[in-house]
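J.: Dropping a structure here in structure tokens format, bear with me for questions.
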Amino acid sequence: MQDSQVHADNTAHSVHEEHPAYLRHHFNSAEQQADAAGFAMWLFLLTEVMFFGGLFTAYLVYRNWYYPAFVSGSHQLNVVWGATNTVVLIFSSFTMAMGVWCAQTRRRRGLVLSLALTFILGLSFLGIKTIEYREKIEKHHVPGFHYSLQSFLDPQSDPEVYAEYHDKALEPDMARHTELYFSLYFLMTGMHALHMIIGIGILGFMILRAWAGAYTAGHETFVVNFGLYWHFIDIVWIYLFALLYLISRHQ
Amino acid sequence: MSGNNEHAHHIVVGPGVYLVILFALLLGTALTVWASYVDLGLWNPVIALAIATTKAVLVVLYFMHVKYSTKLTKLTIIAGIFMFLTLISMTLADYISRAWGSW
């Protein structure tokens, strides 16, 4: 069957219909290929929804059981940093969407710029998370051997947070559960940050390929599907911010 | 609009739409931060989740092009959300009915 011969040099075979170089032979058309790729990407994202979903469910149960501990724990998070990170990611989703538009309308430089901005915003997000994590480490709020209940048994020992929220001291039993809150905080934001790191790595690769014109010649599938991944990470953060930072700030 | 969107991959969503969604998302962020400082009792978490879900829906529909996508894509996403809701509801049904914690 001459149709099934592999063409190593992409030249048109005599019984072989003309088709773009990027169209694989097991697809009828470029449209079908793009649809299949998009479908597969969505399936992967749904597995990610179930993955993060498990963490969110654990959070849901423990927040209901140990609500005062979760409130006190959340007051240790800085709303300004959290909101700033949310804005940073929202802008990065915007620049990513603009990147997709540039790829579709064959704007090579615009695409590179959009991806570069997304890259920088992604790094900014991680930078702010580093600042936040460092503060947690310094205040001994990292679950484990050095976890300290001090801020929750005696809120006045933590003047910055006390000045804003005037939390009542927690009973020792309830104070213990703040470590659970921080476990979920580090697990969920840590997993999210890992996804950001992977995304930023792929972005770096994409910027180089975009500069070489790989995505502005009619084959923008990679950019579109990476965009789906990036928007998904944004959505996860939108929920993380609302659930971890904004439990209750009206004490 | 009925019928499968066979040109989903060709649909080009312009910067204008993206800018509107960007603005809506920023507004939602400000709103949710403000709402967390107001004592609305039991409604605080409801409102926080409602705003977060609205933002997520905007991202899914417009940034991720789902509004312009094929029925297959839409069905896939709905199936995924259904499974996620099953995860939550069945887990909660277990915990609530056994009173393991302090419900």
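Residues are referred to by chain and number: the chain letter is A, B, ... according to the order shown in the structure tokens, the number counts from 1 in that chain, and ligands are numbered separately from 1 in the order shown.
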Should the cut-off be 8 Å, what would the residue list for chain A against chain B look like, counting only C-alpha atoms, as a PyMOL selection string?

T.: chain A and resi 31+34-35+38-39+42-43+46+49-50+53-54+57+61+64-66+83+86-87+90-91+93-94+97-98+101+104-105+227-228+231+235+238-239+242-243+246-250

J.: Can you tell me which residues surround A:Ala169 at a distance of at most 6 Å, considering only C-alpha atoms, apart from same-chain residues fewer than 2 positions away, and format the answer as a PyMOL selection string?

T.: chain A and resi 152-155

J.: Generate the output file for the selected residues, N, CA and C atoms, as an mmCIF file, in the first residue's frame.

T.:
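Done, and the output landed in out25.cif:
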data_model
loop_
_atom_site.group_PDB
_atom_site.id
_atom_site.type_symbol
_atom_site.label_atom_id
_atom_site.label_comp_id
_atom_site.auth_asym_id
_atom_site.auth_seq_id
_atom_site.Cartn_x
_atom_site.Cartn_y
_atom_site.Cartn_z
ATOM 1 N N PHE A 152 -1.057 30.702 68.176
ATOM 2 C CA PHE A 152 -2.481 30.388 68.310
ATOM 3 C C PHE A 152 -2.892 30.212 69.751
ATOM 4 N N LEU A 153 -1.943 29.783 70.612
ATOM 5 C CA LEU A 153 -2.250 29.677 72.033
ATOM 6 C C LEU A 153 -2.200 31.049 72.680
ATOM 7 N N ASP A 154 -1.313 31.892 72.117
ATOM 8 C CA ASP A 154 -1.147 33.240 72.662
ATOM 9 C C ASP A 154 -1.052 34.233 71.506
ATOM 10 N N PRO A 155 -2.197 34.631 70.962
ATOM 11 C CA PRO A 155 -2.201 35.485 69.768
ATOM 12 C C PRO A 155 -1.440 36.790 69.937
#

J.: Could you jot down the atom CA of A:His75 to atom CA of A:Leu89 separation for me, Å, one decimal place?

T.: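 Computing the Euclidean distance for atom CA of A:His75 and atom CA of A:Leu89 yields 22.2 Å.
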